[in-house]
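Here is the structure we will look at.
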Amino acid sequence: MKIFVTGASGYIGGSVAAVLAGRGHEVRGLVRAPAKADAVRAHGI
């Protein structure tokens with residue numbers, strides 16, 4: 001399933017996105033600060 005998560009660099013959004021990606025879903029995430037994008041990409045998001 002393709003899923004879009006807003007707040008993917010935050011505590012809850014990041015946790016949800018990581019779990020979904022770990023379960024095999026195609027996850028895209030929105031981050032507010034470009035500097036935090038690398039941390040989100042490290043989870044495969």
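Identifiers for the structure tokens are assigned positionally: chains receive A, B, ... in sequence, residues are indexed from 1 per chain, and ligands are indexed from 1 in the order shown.
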
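Taking only C-alpha atoms, the non-local environment of Gly14 of chain A within 9 Å (same-chain residues fewer than 3 positions away omitted) comprises A:Val5, A:Gly7, A:Ala8, A:Ser9, A:Gly10, A:Tyr11, A:Ala17, A:Ala18, A:Val19, A:Gly29, A:Val40, A:His43.
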
Store the residues picked out above in a file with N, CA and C atoms, as an mmCIF file, in the first residue's frame.
data_model
loop_
_atom_site.group_PDB
_atom_site.id
_atom_site.type_symbol
_atom_site.label_atom_id
_atom_site.label_comp_id
_atom_site.auth_asym_id
_atom_site.auth_seq_id
_atom_site.Cartn_x
_atom_site.Cartn_y
_atom_site.Cartn_z
ATOM 1 N N VAL A 5 2.831 10.172 5.031
ATOM 2 C CA VAL A 5 2.812 10.548 6.445
ATOM 3 C C VAL A 5 3.284 11.988 6.579
ATOM 4 N N GLY A 7 4.525 15.018 8.976
ATOM 5 C CA GLY A 7 5.252 15.058 10.241
ATOM 6 C C GLY A 7 6.160 13.859 10.425
ATOM 7 N N ALA A 8 6.720 13.362 9.339
ATOM 8 C CA ALA A 8 7.538 12.144 9.383
ATOM 9 C C ALA A 8 8.837 12.318 10.155
ATOM 10 N N SER A 9 9.251 13.542 10.399
ATOM 11 C CA SER A 9 10.478 13.749 11.169
ATOM 12 C C SER A 9 10.192 13.932 12.657
ATOM 13 N N GLY A 10 8.921 13.940 13.023
ATOM 14 C CA GLY A 10 8.549 14.074 14.428
ATOM 15 C C GLY A 10 8.533 12.728 15.138
ATOM 16 N N TYR A 11 8.256 12.760 16.424
ATOM 17 C CA TYR A 11 8.296 11.546 17.246
ATOM 18 C C TYR A 11 7.231 10.534 16.810
ATOM 19 N N ALA A 17 5.734 5.964 10.533
ATOM 20 C CA ALA A 17 6.327 5.757 9.213
ATOM 21 C C ALA A 17 7.318 4.601 9.219
ATOM 22 N N ALA A 18 8.126 4.496 10.268
ATOM 23 C CA ALA A 18 9.108 3.414 10.354
ATOM 24 C C ALA A 18 8.432 2.054 10.462
ATOM 25 N N VAL A 19 7.369 1.968 11.244
ATOM 26 C CA VAL A 19 6.638 0.700 11.383
ATOM 27 C C VAL A 19 6.004 0.314 10.052
ATOM 28 N N GLY A 29 7.155 10.637 3.158
ATOM 29 C CA GLY A 29 6.980 11.479 4.332
ATOM 30 C C GLY A 29 7.216 12.943 4.050
ATOM 31 N N VAL A 40 14.997 10.860 8.069
ATOM 32 C CA VAL A 40 13.809 10.163 7.570
ATOM 33 C C VAL A 40 14.211 9.203 6.449
ATOM 34 N N HIS A 43 15.435 5.665 7.249
ATOM 35 C CA HIS A 43 14.439 4.632 7.536
ATOM 36 C C HIS A 43 13.790 4.096 6.260
#

List as a ChimeraX atom specification the protein and nucleic acid residues near Ile3 of chain A, meaning an atom at most 9 Å away when only C-alpha atoms are counted, but skip any in the same chain fewer than 4 places from it. /A:17,20,25-29

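Between atom CA of Gly22 of chain A and atom CA of Phe4 of chain A the interatomic distance comes to 14.6 Å.
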
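Taking chain A and asking which residues DSSP calls helix (DSSP H, G or I) on the backbone, you get Tyr11, Ile12, Gly13, Gly14, Ser15, Val16, Ala17, Ala18, Val19, Leu20, Ala21, Gly22, Pro34, Ala35, Lys36, Ala37, Asp38, Ala39, Val40 and Arg41 of chain A.
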
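If you look at atom CA of Thr6 of chain A and atom CA of Arg32 of chain A, they are 9.1 Å away from each other.
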
Taken to one decimal, the atom CA of Lys2 of chain A-atom CA of Ala35 of chain A distance is 24.4 Å

Taking the DSSP secondary structure from the backbone, can you list the residues of chain A that are strand (DSSP E), as a ChimeraX atom specification? /A:2-6,26-30
